[in-house]
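**Q** So here's input37.pdb (PDB, C-alpha atoms).
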```pdb
ATOM      1  CA  MET A 300     -15.791   2.651  -0.796
ATOM      2  CA  VAL A 301     -14.778   3.160  -4.428
ATOM      3  CA  VAL A 302     -11.271   2.428  -5.734
ATOM      4  CA  GLU A 303     -10.284   4.598  -8.685
ATOM      5  CA  ARG A 304      -7.059   4.782 -10.633
ATOM      6  CA  ASN A 305      -5.111   7.061  -8.309
ATOM      7  CA  ARG A 306      -7.343   7.438  -5.281
ATOM      8  CA  VAL A 307      -9.836   5.782  -2.985
ATOM      9  CA  LEU A 308     -13.172   7.440  -2.164
ATOM     10  CA  ARG A 309     -14.935   6.582   1.058
ATOM     11  CA  PHE A 310     -18.438   7.516   2.170
ATOM     12  CA  VAL A 311     -18.710   8.428   5.836
ATOM     13  CA  SER A 312     -21.821   8.972   7.911
ATOM     14  CA  ALA A 313     -22.191  12.212   9.845
ATOM     15  CA  ASP A 314     -21.623  10.513  13.211
ATOM     16  CA  ALA A 315     -18.498   8.690  12.007
ATOM     17  CA  TRP A 316     -17.157  11.886  10.420
ATOM     18  CA  LYS A 317     -17.560  13.771  13.693
ATOM     19  CA  VAL A 318     -15.175  11.309  15.410
ATOM     20  CA  LEU A 319     -12.801  11.111  12.452
ATOM     21  CA  ASN A 320     -12.615  14.875  12.014
ATOM     22  CA  GLU A 321     -11.965  15.402  15.728
ATOM     23  CA  PHE A 322      -9.053  12.970  15.482
ATOM     24  CA  ALA A 323      -7.810  14.545  12.240
ATOM     25  CA  GLN A 324      -7.419  17.925  13.965
ATOM     26  CA  SER A 325      -5.091  16.499  16.627
ATOM     27  CA  GLU A 326      -1.315  16.698  16.683
ATOM     28  CA  THR A 327      -1.231  12.898  17.028
ATOM     29  CA  ALA A 328      -3.062  12.534  13.702
ATOM     30  CA  ARG A 329      -0.679  14.919  11.969
ATOM     31  CA  GLN A 330       2.319  12.983  13.235
ATOM     32  CA  LEU A 331       0.913   9.550  12.336
ATOM     33  CA  ILE A 332      -0.050  10.697   8.846
ATOM     34  CA  SER A 333       3.173  12.618   8.163
ATOM     35  CA  ASN A 334       5.207   9.606   9.309
ATOM     36  CA  GLY A 335       3.274   7.412   6.894
ATOM     37  CA  HIS A 336       1.830   5.255   9.656
ATOM     38  CA  VAL A 337      -1.815   6.175   8.954
ATOM     39  CA  ILE A 338      -3.315   6.755   5.512
ATOM     40  CA  GLY A 339      -4.029  10.365   4.648
ATOM     41  CA  THR A 340      -7.697  11.389   4.603
ATOM     42  CA  THR A 341      -9.025  14.516   2.880
ATOM     43  CA  PRO A 342     -12.735  15.508   2.724
ATOM     44  CA  LEU A 343     -13.901  16.483  -0.753
ATOM     45  CA  THR A 344     -15.304  19.988  -1.238
ATOM     46  CA  GLY A 345     -16.559  22.160  -4.099
ATOM     47  CA  ARG A 346     -16.572  20.738  -7.624
ATOM     48  CA  ALA A 347     -14.856  17.515  -6.563
ATOM     49  CA  LEU A 348     -17.630  16.831  -4.057
ATOM     50  CA  ASP A 349     -20.344  17.666  -6.590
ATOM     51  CA  ASP A 350     -18.803  15.227  -9.086
ATOM     52  CA  ALA A 351     -18.584  12.499  -6.447
ATOM     53  CA  ARG A 352     -22.216  13.022  -5.428
ATOM     54  CA  ALA A 353     -23.330  12.853  -9.047
ATOM     55  CA  GLY A 354     -21.321   9.708  -9.782
ATOM     56  CA  HIS A 355     -21.993   7.787  -6.574
ATOM     57  CA  ALA A 356     -25.487   8.839  -5.510
ATOM     58  CA  GLU A 357     -26.506   5.334  -4.417
ATOM     59  CA  ASP A 358     -23.488   4.921  -2.121
ATOM     60  CA  ILE A 359     -23.963   8.405  -0.681
ATOM     61  CA  ASN A 360     -27.634   7.807   0.041
ATOM     62  CA  ALA A 361     -26.716   4.640   1.928
ATOM     63  CA  PHE A 362     -24.565   6.749   4.281
ATOM     64  CA  GLY A 363     -26.982   9.558   5.031
ATOM     65  CA  GLY A 364     -27.543  11.400   1.754
ATOM     66  CA  ASP A 365     -26.782  15.103   2.107
ATOM     67  CA  ALA A 366     -25.258  14.493   5.548
ATOM     68  CA  CYS A 367     -22.753  11.974   4.099
ATOM     69  CA  VAL A 368     -19.148  13.165   3.931
ATOM     70  CA  VAL A 369     -17.014  11.946   1.015
ATOM     71  CA  VAL A 370     -13.315  11.592   1.802
ATOM     72  CA  GLU A 371     -10.358  10.737  -0.360
ATOM     73  CA  HIS A 372      -7.528   8.399   0.630
ATOM     74  CA  GLU A 373      -4.190   7.824  -1.012
ATOM     75  CA  ARG A 374      -4.298   4.646  -3.065
ATOM     76  CA  ILE A 375      -1.711   2.007  -2.148
ATOM     77  CA  PRO A 376      -0.383   0.822  -5.546
ATOM     78  CA  PHE A 377      -0.329  -2.925  -4.816
ATOM     79  CA  PRO A 378      -2.519  -4.199  -1.952
ATOM     80  CA  THR A 379      -1.369  -7.348  -0.178
ATOM     81  CA  TYR A 380      -3.076  -9.329   2.552
ATOM     82  CA  PRO A 381      -2.092 -11.407   5.605
ATOM     83  CA  TYR A 382      -2.508 -14.704   3.736
ATOM     84  CA  GLU A 383       0.267 -13.475   1.403
ATOM     85  CA  TRP A 384       2.749 -12.176   3.994
ATOM     86  CA  PRO A 385       5.822 -13.878   5.417
ATOM     87  CA  PRO A 386       6.090 -13.804   9.242
ATOM     88  CA  GLY A 387       8.230 -10.675   9.362
ATOM     89  CA  MET A 388       5.590  -8.620   7.589
ATOM     90  CA  LEU A 389       2.882  -9.816   9.990
ATOM     91  CA  HIS A 390       5.036  -8.773  12.940
ATOM     92  CA  ALA A 391       5.640  -5.352  11.353
ATOM     93  CA  ALA A 392       1.890  -4.882  10.850
ATOM     94  CA  GLY A 393       1.331  -5.838  14.493
ATOM     95  CA  ARG A 394       4.011  -3.417  15.633
ATOM     96  CA  LEU A 395       2.359  -0.619  13.646
ATOM     97  CA  THR A 396      -1.051  -1.480  15.119
ATOM     98  CA  ILE A 397       0.008  -1.498  18.771
ATOM     99  CA  ASP A 398       2.197   1.599  18.337
ATOM    100  CA  ALA A 399      -0.670   3.488  16.675
ATOM    101  CA  HIS A 400      -3.043   2.392  19.450
ATOM    102  CA  THR A 401      -0.576   3.594  22.085
ATOM    103  CA  ALA A 402      -0.169   6.969  20.372
ATOM    104  CA  LEU A 403      -3.943   7.325  20.024
ATOM    105  CA  LEU A 404      -4.475   6.702  23.744
ATOM    106  CA  ALA A 405      -2.419   9.771  24.527
ATOM    107  CA  ALA A 406      -4.818  11.812  22.379
ATOM    108  CA  GLY A 407      -7.963  10.413  23.987
ATOM    109  CA  HIS A 408      -8.660   7.973  21.167
ATOM    110  CA  GLY A 409      -8.021   4.302  20.500
ATOM    111  CA  LEU A 410      -8.539   1.500  18.002
ATOM    112  CA  LYS A 411     -11.812  -0.408  18.094
ATOM    113  CA  ASP A 412     -10.419  -2.991  15.639
ATOM    114  CA  ALA A 413      -6.944  -4.531  15.637
ATOM    115  CA  THR A 414      -6.689  -6.872  12.668
ATOM    116  CA  PRO A 415      -3.945  -7.207  10.039
ATOM    117  CA  PHE A 416      -6.660  -6.768   7.399
ATOM    118  CA  ASN A 417      -6.666  -3.066   8.404
ATOM    119  CA  VAL A 418      -3.042  -2.760   7.266
ATOM    120  CA  LEU A 419      -1.515  -2.515   3.786
ATOM    121  CA  PHE A 420       2.133  -2.125   2.810
ATOM    122  CA  ARG A 421       3.384   0.942   0.970
ATOM    123  CA  GLY A 422       6.482  -0.700  -0.458
ATOM    124  CA  PRO A 423       8.039  -2.478   2.555
ATOM    125  CA  THR A 424       6.364  -0.146   5.069
ATOM    126  CA  PRO A 425       3.053  -0.956   6.799
ATOM    127  CA  VAL A 426       0.329   1.689   6.878
ATOM    128  CA  LEU A 427      -2.975   1.659   8.784
ATOM    129  CA  ILE A 428      -5.730   2.237   6.231
ATOM    130  CA  ASP A 429      -8.936   1.819   8.249
ATOM    131  CA  VAL A 430      -9.225   5.264   9.795
ATOM    132  CA  LEU A 431     -12.807   4.487  10.835
ATOM    133  CA  SER A 432     -11.408   1.981  13.318
ATOM    134  CA  ILE A 433     -10.218   5.026  15.294
ATOM    135  CA  GLU A 434     -12.709   5.968  17.990
ATOM    136  CA  ALA A 435     -12.993   8.436  20.836
ATOM    137  CA  ARG A 436     -12.178   6.698  24.120
ATOM    138  CA  ILE A 437     -14.668   6.669  26.988
ATOM    139  CA  SER A 438     -12.626   8.226  29.777
ATOM    140  CA  ASN A 439     -13.613   5.817  32.566
ATOM    141  CA  ASP A 440     -13.438   2.614  30.492
ATOM    142  CA  PRO A 441     -10.243   0.611  31.222
ATOM    143  CA  ILE A 442     -10.870  -2.128  28.641
ATOM    144  CA  TRP A 443      -9.414  -2.220  25.119
ATOM    145  CA  ARG A 444     -12.220  -3.829  23.132
ATOM    146  CA  ALA A 445      -9.865  -5.002  20.370
ATOM    147  CA  ASP A 446      -7.459  -6.733  22.756
ATOM    148  CA  ALA A 447      -8.633 -10.278  21.967
ATOM    149  CA  GLN A 448      -8.553  -9.567  18.240
ATOM    150  CA  PHE A 449      -4.981  -8.271  18.483
ATOM    151  CA  LEU A 450      -3.915 -11.425  20.310
ATOM    152  CA  CYS A 451      -5.683 -13.815  17.926
ATOM    153  CA  THR A 452      -4.570 -12.189  14.673
ATOM    154  CA  PHE A 453      -1.057 -10.980  15.492
ATOM    155  CA  VAL A 454       0.414 -12.577  18.608
ATOM    156  CA  LEU A 455      -0.932 -16.133  18.374
ATOM    157  CA  PRO A 456      -0.072 -16.684  14.674
ATOM    158  CA  LEU A 457       3.529 -15.667  15.450
ATOM    159  CA  LEU A 458       3.520 -17.857  18.567
ATOM    160  CA  ALA A 459       2.275 -20.823  16.515
ATOM    161  CA  TYR A 460       5.000 -20.177  13.945
ATOM    162  CA  GLY A 461       7.770 -20.140  16.531
ATOM    163  CA  ALA A 462       6.464 -23.084  18.583
ATOM    164  CA  LEU A 463       5.059 -25.342  15.862
ATOM    165  CA  GLY A 464       6.476 -24.050  12.581
ATOM    166  CA  LEU A 465       2.982 -23.230  11.304
ATOM    167  CA  ALA A 466       3.293 -20.381   8.803
ATOM    168  CA  PRO A 467       0.992 -17.479   9.717
ATOM    169  CA  HIS A 468      -0.157 -16.906   6.137
ATOM    170  CA  GLU A 469      -1.484 -20.465   5.962
ATOM    171  CA  ARG A 470      -3.578 -19.904   9.082
ATOM    172  CA  PHE A 471      -5.227 -16.874   7.476
ATOM    173  CA  PHE A 472      -6.313 -19.077   4.575
ATOM    174  CA  VAL A 473      -8.325 -21.040   7.151
ATOM    175  CA  SER A 474      -9.608 -18.129   9.224
ATOM    176  CA  ARG A 475      -9.464 -14.349   8.962
ATOM    177  CA  GLU A 476      -9.618 -14.345  12.781
ATOM    178  CA  GLY A 477      -6.234 -16.056  13.176
ATOM    179  CA  TRP A 478      -5.855 -18.492  16.075
ATOM    180  CA  ASP A 479      -8.395 -19.029  18.832
ATOM    181  CA  PRO A 480      -6.508 -19.658  22.118
ATOM    182  CA  ALA A 481      -8.370 -22.932  22.747
ATOM    183  CA  ALA A 482      -7.525 -24.262  19.271
ATOM    184  CA  LEU A 483      -3.855 -23.375  19.663
ATOM    185  CA  TYR A 484      -3.856 -24.825  23.198
ATOM    186  CA  ARG A 485      -4.876 -28.213  21.779
ATOM    187  CA  ALA A 486      -2.032 -28.088  19.253
ATOM    188  CA  LEU A 487       0.673 -27.308  21.834
ATOM    189  CA  GLY A 488       2.498 -29.793  24.032
ATOM    190  CA  THR A 489       2.284 -29.671  27.825
ATOM    191  CA  MET A 490       5.592 -27.871  28.361
ATOM    192  CA  GLN A 491       4.840 -25.407  25.568
ATOM    193  CA  ARG A 492       1.530 -24.511  27.239
ATOM    194  CA  LEU A 493       3.403 -23.567  30.413
ATOM    195  CA  SER A 494       6.224 -21.592  28.801
ATOM    196  CA  PRO A 495       6.559 -17.826  29.448
ATOM    197  CA  GLY A 496       4.239 -15.744  27.326
ATOM    198  CA  THR A 497       2.343 -18.761  26.055
ATOM    199  CA  PHE A 498       0.789 -19.419  29.457
ATOM    200  CA  GLY A 499      -0.749 -15.939  29.635
ATOM    201  CA  ALA A 500      -1.710 -15.688  25.948
ATOM    202  CA  VAL A 501      -3.013 -19.223  25.369
ATOM    203  CA  THR A 502      -3.276 -21.434  28.433
ATOM    204  CA  LEU A 503      -4.858 -19.099  30.964
ATOM    205  CA  PRO A 504      -7.528 -17.775  28.549
ATOM    206  CA  THR A 505      -8.397 -21.362  27.610
ATOM    207  CA  TRP A 506      -8.755 -22.424  31.245
ATOM    208  CA  LEU A 507     -10.813 -19.356  32.122
ATOM    209  CA  SER A 508     -13.102 -19.641  29.098
ATOM    210  CA  SER A 509     -14.253 -23.075  30.200
ATOM    211  CA  SER A 510     -15.493 -21.705  33.526
ATOM    212  CA  ALA A 511     -16.523 -18.135  32.683
ATOM    213  CA  LYS A 512     -20.188 -17.223  32.895
ATOM    214  CA  ALA A 513     -22.039 -14.748  30.729
ATOM    215  CA  THR A 514     -22.798 -12.652  33.809
ATOM    216  CA  ASP A 515     -19.077 -12.426  34.564
ATOM    217  CA  ALA A 516     -18.385 -11.168  31.053
ATOM    218  CA  GLU A 517     -21.160  -8.602  31.336
ATOM    219  CA  PHE A 518     -19.719  -7.414  34.638
ATOM    220  CA  PHE A 519     -16.298  -6.797  33.168
ATOM    221  CA  ARG A 520     -17.743  -5.088  30.103
ATOM    222  CA  ALA A 521     -19.778  -2.773  32.280
ATOM    223  CA  ARG A 522     -17.005  -2.079  34.767
ATOM    224  CA  SER A 523     -15.746   1.482  34.968
ATOM    225  CA  MET A 524     -13.219   3.315  37.098
ATOM    226  CA  ASP A 525     -11.696   6.683  37.754
ATOM    227  CA  PRO A 526     -10.552   8.213  34.403
ATOM    228  CA  ALA A 527      -6.928   8.538  35.507
ATOM    229  CA  ARG A 528      -6.818   4.882  36.572
ATOM    230  CA  ALA A 529      -8.595   3.821  33.386
ATOM    231  CA  ALA A 530      -6.021   5.653  31.247
ATOM    232  CA  PHE A 531      -3.171   4.095  33.239
ATOM    233  CA  THR A 532      -4.690   0.622  32.843
ATOM    234  CA  LEU A 533      -5.043   0.996  29.067
ATOM    235  CA  LYS A 534      -1.500   2.306  28.734
ATOM    236  CA  HIS A 535      -0.159  -0.564  30.846
ATOM    237  CA  ASN A 536      -2.116  -3.090  28.760
ATOM    238  CA  ALA A 537      -0.758  -1.646  25.504
ATOM    239  CA  LYS A 538       2.796  -1.864  26.838
ATOM    240  CA  ALA A 539       2.233  -5.496  27.869
ATOM    241  CA  ARG A 540       0.825  -6.397  24.455
ATOM    242  CA  SER A 541       3.768  -4.691  22.767
ATOM    243  CA  LYS A 542       6.219  -6.804  24.773
ATOM    244  CA  LEU A 543       4.225  -9.969  24.077
ATOM    245  CA  LEU A 544       4.232  -9.276  20.343
ATOM    246  CA  ASP A 545       8.013  -8.861  20.367
ATOM    247  CA  ARG A 546       8.469 -12.012  22.463
ATOM    248  CA  PHE A 547       7.181 -13.991  19.494
ATOM    249  CA  ALA A 548       8.811 -11.888  16.784
ATOM    250  CA  PRO A 549      10.268 -14.129  14.067
ATOM    251  CA  GLY A 550      14.034 -14.288  14.073
ATOM    252  CA  THR A 551      16.303 -14.845  11.093
ATOM    253  CA  PRO A 552      14.429 -17.108   8.655
ATOM    254  CA  SER A 553      15.455 -20.747   8.886
ATOM    255  CA  ALA A 554      17.400 -22.224   5.997
ATOM    256  CA  THR A 555      15.260 -23.821   3.304
ATOM    257  CA  ALA A 556      15.958 -25.367  -0.084
ATOM    258  CA  TRP A 557      15.855 -21.854  -1.555
ATOM    259  CA  THR A 558      17.582 -19.540   0.926
ATOM    260  CA  ALA A 559      21.047 -20.427  -0.416
ATOM    261  CA  TYR A 560      19.978 -20.312  -4.065
ATOM    262  CA  GLU A 561      21.733 -17.012  -4.820
ATOM    263  CA  SER A 562      25.049 -18.291  -3.450
ATOM    264  CA  ASP A 563      24.691 -21.767  -4.987
ATOM    265  CA  LEU A 564      23.362 -21.040  -8.481
ATOM    266  CA  PRO A 565      22.640 -23.953 -10.833
ATOM    267  CA  TYR A 566      24.860 -22.304 -13.467
ATOM    268  CA  ASP A 567      28.457 -21.062 -13.417
ATOM    269  CA  ALA A 568      29.656 -17.602 -12.409
ATOM    270  CA  ALA A 569      30.099 -16.463 -16.015
ATOM    271  CA  ASP A 570      26.475 -17.267 -16.820
ATOM    272  CA  GLY A 571      25.420 -15.393 -13.702
ATOM    273  CA  GLU A 572      27.348 -12.310 -14.771
ATOM    274  CA  ARG A 573      25.834 -12.496 -18.266
ATOM    275  CA  LYS A 574      22.332 -12.592 -16.742
ATOM    276  CA  ILE A 575      23.074  -9.551 -14.600
ATOM    277  CA  ASP A 576      24.522  -7.701 -17.592
ATOM    278  CA  PHE A 577      21.470  -8.551 -19.729
ATOM    279  CA  LEU A 578      19.034  -7.325 -17.073
ATOM    280  CA  SER A 579      21.052  -4.172 -16.426
ATOM    281  CA  ARG A 580      20.960  -3.267 -20.125
ATOM    282  CA  ALA A 581      17.250  -4.129 -20.337
ATOM    283  CA  PHE A 582      16.402  -1.843 -17.421
ATOM    284  CA  ASP A 583      18.486   0.957 -18.919
ATOM    285  CA  ASP A 584      16.863   0.591 -22.363
ATOM    286  CA  LEU A 585      13.249  -0.009 -21.332
ATOM    287  CA  LYS A 586      13.136   2.169 -18.208
ATOM    288  CA  PRO A 587      10.089   0.267 -16.894
ATOM    289  CA  ASP A 588       7.707   1.980 -14.474
ATOM    290  CA  ALA A 589       6.743  -1.352 -12.906
ATOM    291  CA  VAL A 590       8.345  -4.776 -12.711
ATOM    292  CA  LEU A 591       6.865  -8.084 -11.554
ATOM    293  CA  ASP A 592       9.452 -10.605 -10.338
ATOM    294  CA  LEU A 593       7.867 -14.053 -10.179
ATOM    295  CA  GLY A 594       9.973 -16.500  -8.191
ATOM    296  CA  SER A 595      12.047 -13.617  -6.823
ATOM    297  CA  ASN A 596      13.996 -15.663  -4.282
ATOM    298  CA  THR A 597      15.893 -13.231  -2.034
ATOM    299  CA  GLY A 598      15.463 -10.472  -4.586
ATOM    300  CA  ARG A 599      18.776  -9.961  -6.319
ATOM    301  CA  TYR A 600      17.057  -8.940  -9.554
ATOM    302  CA  SER A 601      14.142  -7.223  -7.818
ATOM    303  CA  LEU A 602      16.625  -4.872  -6.178
ATOM    304  CA  MET A 603      18.294  -4.206  -9.525
ATOM    305  CA  ALA A 604      14.918  -3.204 -10.971
ATOM    306  CA  ALA A 605      14.180  -0.969  -7.982
ATOM    307  CA  ALA A 606      17.585   0.694  -8.280
ATOM    308  CA  ALA A 607      16.744   1.408 -11.926
ATOM    309  CA  GLY A 608      13.668   3.348 -10.794
ATOM    310  CA  ALA A 609      10.914   0.786 -11.199
ATOM    311  CA  ARG A 610       8.167   0.009  -8.706
ATOM    312  CA  VAL A 611       8.706  -3.689  -8.045
ATOM    313  CA  VAL A 612       6.391  -6.441  -6.856
ATOM    314  CA  ALA A 613       8.380  -9.513  -5.821
ATOM    315  CA  ILE A 614       6.619 -12.848  -5.281
ATOM    316  CA  ASP A 615       7.967 -16.171  -4.071
ATOM    317  CA  SER A 616       6.247 -19.260  -2.660
ATOM    318  CA  ASP A 617       8.916 -19.704   0.043
ATOM    319  CA  PRO A 618       8.108 -17.481   3.078
ATOM    320  CA  ALA A 619      11.760 -17.568   4.202
ATOM    321  CA  VAL A 620      13.169 -15.920   1.080
ATOM    322  CA  ALA A 621      10.251 -13.468   0.946
ATOM    323  CA  ASP A 622      11.044 -12.495   4.541
ATOM    324  CA  ILE A 623      14.730 -12.019   3.704
ATOM    325  CA  LEU A 624      13.871  -9.726   0.787
ATOM    326  CA  TRP A 625      11.303  -7.785   2.825
TER
END
```
Show how you would write the structure in this file as structure tokens.
**A**
Amino acid sequence: MVVERNRVLRFVSADAWKVLNEFAQSETARQLISNGHVIGTTPLTGRALDDARAGHAEDINAFGGDACVVVEHERIPFPTYPYEWPPGMLHAAGRLTIDAHTALLAAGHGLKDATPFNVLFRGPTPVLIDVLSIEARISNDPIWRADAQFLCTFVLPLLAYGALGLAPHERFFVSREGWDPAALYRALGTMQRLSPGTFGAVTLPTWLSSSAKATDAEFFRARSMDPARAAFTLKHNAKARSKLLDRFAPGTPSATAWTAYESDLPYDAADGERKIDFLSRAFDDLKPDAVLDLGSNTGRYSLMAAAAGARVVAIDSDPAVADILW
């Protein structure tokens, strides 16, 4: 993959392109892309393809040479990652992931990966960028291979936040794989382990993992069933995971030392009005294309910059105020 100023080029093997192109021709793909839920993907042709082949011969050879397909994606202006998100953004990325998976099932496809690292935010809106995680579904397979990854990287970090106050972004500094059920089980109290949702997502998997045999796992991986039943099972599983994700959705951010900052400023009202007037005139005079607001708090001035037409990146070390602004 090559990131250029206004686009992203990706090199796709012939086999991967066959699956991706089949998906791209579907009505589901058109809806997901037009709604902004999945990144747009356009194969290069003609002069554009010739230029790409000349400039990136080594990359193209690594993906099949002449059989390699070069595609172009929209570039997201400011990439962010799970170890930078407040809890609300992680939940939104999880909601996008499970909704996209559900929509794909109806078109005979699915997601083989379900990690927040496959999601970027276009402004405040999540978008799935890893189109190669979309695969054709085997009709008689009832198992979603990315189920455990979805639980560990979306559901369990939000569960840990609600139950223990452990910020999800801090967990991703430790592990890109989020929370392992056994590790979270050890951190929870007895009553928490038995609470609704937590028992099925954390406690039961931990108990079963201590007694499961490799042959059992192989049996379940190899299991198949009637295609209609398999489709029903996958749809039912996706619905259950959607409900579980929302069970642990973060509520209104708890009050911190900074959430009341805008209503309890360390200077008087007149000074506050002078600051707003100064910024308003600055935005009018400079007409900035982009603004970086460091220590944005709940975004009073970020929103002023956005209203003036700038693309704004707002950063704050307090997840609560970042969540409020998001």
**Q** Between CA of Pro342 (chain A) and CA of Val369 (chain A), what is the distance in Å, rounded to a tenth?
**A**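 Computing the Euclidean distance for CA of Pro342 (chain A) and CA of Val369 (chain A) yields 5.8 Å.
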**Q** At a cut-off of 10 Å, using only C-alpha atoms, what residues contact Thr401 (chain A)? Leave out same-chain residues fewer than 6 positions from it and give the result as a VMD selection string.
**A** chain A and resid 395 408 to 410 533 to 538 541
**Q** To one decimal place in Å, what is the distance between CA of Asp563 (chain A) and CA of Arg580 (chain A)?
**A**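 CA of Arg580 (chain A) lies 24.2 Å from CA of Asp563 (chain A).
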**Q** Just how far from CA of Gly387 (chain A) is CA of Ser579 (chain A), in Å to one decimal?
**A**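 If I compute the distance from CA of Ser579 (chain A) to CA of Gly387 (chain A), I get 29.5 Å.
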**Q** With distances taken over all atoms listed in the file, which of A:Asp583, A:Asp525, A:Asp617, A:Asp365 is nearest to Asp349 (chain A)?
**A**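 Going through A:Asp583, A:Asp525, A:Asp617, A:Asp365 one by one, the smallest distance to Asp349 (chain A) is for A:Asp365.
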**Q** Within 12 Å of region 476-497 of chain A, which residues of region 305-394 of chain A come that close, and what is the closest atom pair and distance in Å for each? Count all atoms listed in the file and give it as a Markdown table.
**A**
```
| residue | atom | partner | partner_atom | distance |
| --- | --- | --- | --- | --- |
| A:Pro381 | CA | A:Gly477 | CA | 9.8 |
| A:Tyr382 | CA | A:Gly477 | CA | 10.2 |
| A:Leu389 | CA | A:Gly477 | CA | 11.5 |
```
**Q** From the list A:Asn360, A:Ser553, A:Ser432, A:Ser333, which residue is nearest Trp316 (chain A) when using all atoms listed in the file?
**A**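 The closest residue to Trp316 (chain A) is A:Ser432.
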**Q** Got a sec to resolve the PyMOL selection byres ((chain A and resi 437) around 12) on this structure and send the residues as a ChimeraX atom specification?
**A** /A:404,407-409,411,434-436,438-444,521-527,529-530,533
**Q** Quick one: write out the picked residues with C-alpha atoms as a PDB file, keeping the file's coordinate frame?
**A**
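What ended up in result-v9.pdb:
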```
ATOM      1  CA  LEU A 404      -4.475   6.702  23.744  1.00  0.00           C
ATOM      2  CA  GLY A 407      -7.963  10.413  23.987  1.00  0.00           C
ATOM      3  CA  HIS A 408      -8.660   7.973  21.167  1.00  0.00           C
ATOM      4  CA  GLY A 409      -8.021   4.302  20.500  1.00  0.00           C
ATOM      5  CA  LYS A 411     -11.812  -0.408  18.094  1.00  0.00           C
ATOM      6  CA  GLU A 434     -12.709   5.968  17.990  1.00  0.00           C
ATOM      7  CA  ALA A 435     -12.993   8.436  20.836  1.00  0.00           C
ATOM      8  CA  ARG A 436     -12.178   6.698  24.120  1.00  0.00           C
ATOM      9  CA  SER A 438     -12.626   8.226  29.777  1.00  0.00           C
ATOM     10  CA  ASN A 439     -13.613   5.817  32.566  1.00  0.00           C
ATOM     11  CA  ASP A 440     -13.438   2.614  30.492  1.00  0.00           C
ATOM     12  CA  PRO A 441     -10.243   0.611  31.222  1.00  0.00           C
ATOM     13  CA  ILE A 442     -10.870  -2.128  28.641  1.00  0.00           C
ATOM     14  CA  TRP A 443      -9.414  -2.220  25.119  1.00  0.00           C
ATOM     15  CA  ARG A 444     -12.220  -3.829  23.132  1.00  0.00           C
ATOM     16  CA  ALA A 521     -19.778  -2.773  32.280  1.00  0.00           C
ATOM     17  CA  ARG A 522     -17.005  -2.079  34.767  1.00  0.00           C
ATOM     18  CA  SER A 523     -15.746   1.482  34.968  1.00  0.00           C
ATOM     19  CA  MET A 524     -13.219   3.315  37.098  1.00  0.00           C
ATOM     20  CA  ASP A 525     -11.696   6.683  37.754  1.00  0.00           C
ATOM     21  CA  PRO A 526     -10.552   8.213  34.403  1.00  0.00           C
ATOM     22  CA  ALA A 527      -6.928   8.538  35.507  1.00  0.00           C
ATOM     23  CA  ALA A 529      -8.595   3.821  33.386  1.00  0.00           C
ATOM     24  CA  ALA A 530      -6.021   5.653  31.247  1.00  0.00           C
ATOM     25  CA  LEU A 533      -5.043   0.996  29.067  1.00  0.00           C
TER      26      LEU A 533
END
```
**Q** Please provide the set of residues having any atom within 7 Å of Arg306 (chain A), restricted to all atoms listed in the file, with same-chain residues fewer than 5 positions apart removed, written as a compact mmCIF listing (two decimals) with C-alpha atoms, keeping the file's coordinate frame.
**A**
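The file below, result.txt, is the result:
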```txt
# COMPACT_ATOMS: atom_id res chain seq x y z
CA GLU A 371 -10.36 10.74 -0.36
CA HIS A 372 -7.53 8.40 0.63
CA GLU A 373 -4.19 7.82 -1.01
CA ARG A 374 -4.30 4.65 -3.06
```
**Q** Would you please work out which residue, of A:Phe322, A:Tyr460, A:Tyr566, A:Phe472, is nearest to Leu431 (chain A) when using all atoms listed in the file?
**A**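 Of A:Phe322, A:Tyr460, A:Tyr566, A:Phe472, the one nearest Leu431 (chain A) is A:Phe322, counting all atoms listed in the file.
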